Amino acid sequence: MRFLLDDEQRAFAHSLDALLTSADTPSVVRSWGAGDHTTGRALWSRIADAGVFALAVPEEYEGVGPRPVELAVAFVELGRHAVPGPLAETVAAAALLTEPGVAKRFLPGLASGEVIATVALPGGGPYVLDGDAASLLLRVDGDGDSDSDSDELRLAPGHGRVRTSIDPARRLTRPDAGGELLATGPHVTEAAAHALTWARLATAAQALGVGLTLLDRTVVYVRQRTQFGVPIGSFQAVKHRLADAKIALEFARPLLFGAAISMAPADVAAAKVAACEAAYATARTALQLHGAIGYTAEYDLSLWLTKARALRTAWGTPGECRALVISER
């Protein structure tokens with residue numbers, strides 16, 4: 001089966017690419033990592049105006065979704081441009097807010113971009129992404145067991161100090177205990193599992209976009225850098241490394257869009273493994289072929305290198321995702 005985007009989906013991707021190209025995202029990423037969210041919030045509003053977050057919000061709450069395929073298209077472009085912020089987490093929050101009263105309270109703000117959300121789900125570790133920038137911190141308390149009836153969805157009252165991440169633009173905080181109880185019961189457990197699937201889909205799409213940019217930038221670089229009087233891109237070993245990266249990324253693409261069609265947890269987990277591992281392998285190739293300059297934080301390539309490494313384990317390590325795929329087969 002071939003997963004090809006239609007004309008409308010391709011036009012959507014091109015419009016996002018144009019928007020983000022004009023936004024000078026490297027400077028936005030560096031400001032965000034330094035704790036200055038001004039330009040990041042402005043970019044967030046522009047992305048929301050393009051309809052990205054509305055894709056995860058049902059129509060009855062001022063969204064246009066859920067439309068996972070179009071959301072995957074959008075998140076590939078967000079990854080291409082290394083857009084900072086709790087992007088996958090905001091999508092997960094939209095999937096988590098299923099109670100009618102709670103949904104009506106928060107989802108319109110998520111769709112419009114007025115609300116930036118981050119979430120803590122069972123098994124996801126003690127930290128949330130960009131809690132210092134988010135205006136909505138959601139926390140699910142419980143063990144995530146499908147047989148449990150005690151899981152609780154709470155509005156976290158705040159967060160602790162910011163902790164560093166391998167990606168400086170991914171700022172980690174620990175949500176405070178307590179907070180307003182929004183919902184409780186088995187449906188919270190089901191919603192948390194659904195939110196995790198959406199978060200993994202968005203993360204996989206981001207990772208694919210990150211890998212594509214790393215490959216594109218490396219191809220340009222090896223055509224310019226010379227050794228022994230010729231571009232290093234003419235060396236057979238370099239061509240093989242780049243071909244391997246290209247093949248891995250292209251193999252991940254149909255898995256991503258196939259998973260977006262089915263939204264089966266195992267399919268999404270498989271797509272996340274394929275996309276994140278392809279992006280990580282491409283990052284290693286990009287770093288090696290750039291040489292010493294690739295290690296410098298001042299060089300823009302580093303913004304994608306660190307993101308590829310961070311996304312690899314975000315919302316499920318490769319081992320965890322593979323285990324889910326095996327268990328469902």
# chains A, B, ... in the order shown; residues from 1 in each chain; ligands from 1

$ select_by_dssp --residues "range 60-274 of chain A" --states "helix (DSSP H, G or I)" --output "PyMOL selection string"
chain A and resi 60-61+68-80+87-96+100-112+186-224+232-234+236-262+265-274

$ closest_atom_pairs --of "range 33-55 of chain A" --to "range 130-133 of chain A" --cutoff "12 Å" --atoms "only C-alpha atoms" --output "Markdown table"
| residue | atom | partner | partner_atom | distance |
| --- | --- | --- | --- | --- |
| A:Gly33 | CA | A:Asp130 | CA | 9.8 |
| A:Ala34 | CA | A:Asp132 | CA | 11.8 |
| A:Gly35 | CA | A:Asp132 | CA | 8.4 |
| A:Asp36 | CA | A:Ala133 | CA | 9.2 |
| A:His37 | CA | A:Ala133 | CA | 7.0 |
| A:Thr38 | CA | A:Ala133 | CA | 9.9 |
| A:Thr39 | CA | A:Ala133 | CA | 12.0 |
| A:Gly40 | CA | A:Ala133 | CA | 9.5 |
| A:Arg41 | CA | A:Ala133 | CA | 8.7 |
| A:Trp44 | CA | A:Ala133 | CA | 11.4 |

$ residues_around --residues "Ser234 in chain A" --least-positions-apart "4" --cutoff "9 Å" --atoms "only C-alpha atoms" --output "MDAnalysis selection string"
chainID A and resid 222:223 230 238:239

$ closest_residue --among "A:Leu87, A:Met263, A:Leu4, A:Leu196" --to "Pro68 in chain A" --atoms "only C-alpha atoms"
A:Met263

$ atom_distance --atom1 "CA of Ala278 in chain A" --atom2 "CA of Ile326 in chain A"
19.7 Å

$ closest_residue --among "A:Gly185, A:Gly63, A:Pro168, A:Gly258" --to "Ser31 in chain A" --atoms "only C-alpha atoms"
A:Pro168

$ select_by_dssp --residues "range 35-282 of chain A" --states "strand (DSSP E)" --output "list in words"
Ala117, Thr118, Val119, Ala120, Val128, Leu129, Leu136, Leu137, Leu138, Arg139, Val140, Asp141, Glu152, Leu153, Arg154, Leu155, Leu172, Thr173, Glu180, Leu181, Leu182, Ala183, Thr184, Thr226, Gln227, Val230 and Pro231 of chain A

$ atom_distance --atom1 "CA of Glu8 in chain A" --atom2 "CA of Val69 in chain A"
12.0 Å

$ closest_residue --among "A:Ile166, A:Leu287, A:Ala92, A:Leu137" --to "His194 in chain A" --atoms "only C-alpha atoms"
A:Ala92

$ residues_around --residues "range 47-57 of chain A" --least-positions-apart "2" --cutoff "8 Å" --atoms "only C-alpha atoms" --output "list in words"
Leu16, Leu43, Trp44, Ser45, Glu59, Tyr61, Glu62, Gly63, Val64, Gly65, Pro66, Arg67, Pro68, Glu70, Leu71, Ala74, Thr90, Val91, Ala94, Ala95, Leu107, Pro108, Leu110, Ala111, Ser112 and Gly113 of chain A

$ atom_distance --atom1 "CA of His240 in chain A" --atom2 "CA of Pro254 in chain A"
22.4 Å

$ residues_around --residues "Thr118 in chain A" --least-positions-apart "6" --cutoff "12 Å" --atoms "only C-alpha atoms" --output "PyMOL selection string"
chain A and resi 85-94+96+110+127-140+155-156+158-159+170-175+195+199

$ write_last_selection --atoms "C-alpha atoms" --output "JSON list (two decimals), in the first residue's frame"
[["chain", "number", "residue", "atom", "x", "y", "z"],
["A", 85, "GLY", "CA", 7.62, 24.10, 22.96],
["A", 86, "PRO", "CA", 5.32, 21.36, 24.27],
["A", 87, "LEU", "CA", 3.87, 20.58, 20.85],
["A", 88, "ALA", "CA", 3.18, 16.86, 21.27],
["A", 89, "GLU", "CA", 2.08, 17.54, 24.85],
["A", 90, "THR", "CA", -0.58, 20.01, 23.72],
["A", 91, "VAL", "CA", -1.88, 17.40, 21.28],
["A", 92, "ALA", "CA", -1.89, 14.83, 24.10],
["A", 93, "ALA", "CA", -3.81, 17.26, 26.30],
["A", 94, "ALA", "CA", -6.49, 17.58, 23.63],
["A", 96, "LEU", "CA", -6.92, 13.66, 27.38],
["A", 110, "LEU", "CA", -5.96, 24.77, 22.85],
["A", 127, "TYR", "CA", 8.91, 15.58, 34.73],
["A", 128, "VAL", "CA", 6.85, 17.50, 32.21],
["A", 129, "LEU", "CA", 8.10, 19.44, 29.22],
["A", 130, "ASP", "CA", 8.16, 23.24, 29.36],
["A", 131, "GLY", "CA", 6.06, 23.57, 32.48],
["A", 132, "ASP", "CA", 7.42, 27.09, 32.87],
["A", 133, "ALA", "CA", 5.89, 28.12, 29.54],
["A", 134, "ALA", "CA", 2.63, 26.18, 29.70],
["A", 135, "SER", "CA", -0.55, 27.82, 30.91],
["A", 136, "LEU", "CA", -2.22, 24.43, 31.43],
["A", 137, "LEU", "CA", -0.48, 21.64, 33.38],
["A", 138, "LEU", "CA", -2.41, 18.37, 33.43],
["A", 139, "ARG", "CA", -1.41, 15.41, 35.56],
["A", 140, "VAL", "CA", -2.88, 11.90, 35.62],
["A", 155, "LEU", "CA", -5.01, 20.47, 37.05],
["A", 156, "ALA", "CA", -1.53, 20.84, 38.53],
["A", 158, "GLY", "CA", 2.38, 24.81, 39.49],
["A", 159, "HIS", "CA", 5.83, 23.38, 38.92],
["A", 170, "ARG", "CA", 13.32, 21.09, 26.01],
["A", 171, "ARG", "CA", 13.00, 22.49, 29.54],
["A", 172, "LEU", "CA", 11.91, 19.96, 32.16],
["A", 173, "THR", "CA", 9.93, 20.72, 35.31],
["A", 174, "ARG", "CA", 8.24, 18.63, 37.99],
["A", 175, "PRO", "CA", 4.52, 19.43, 38.43],
["A", 195, "ALA", "CA", -3.32, 10.66, 24.79],
["A", 199, "ALA", "CA", 1.79, 12.06, 21.75]]
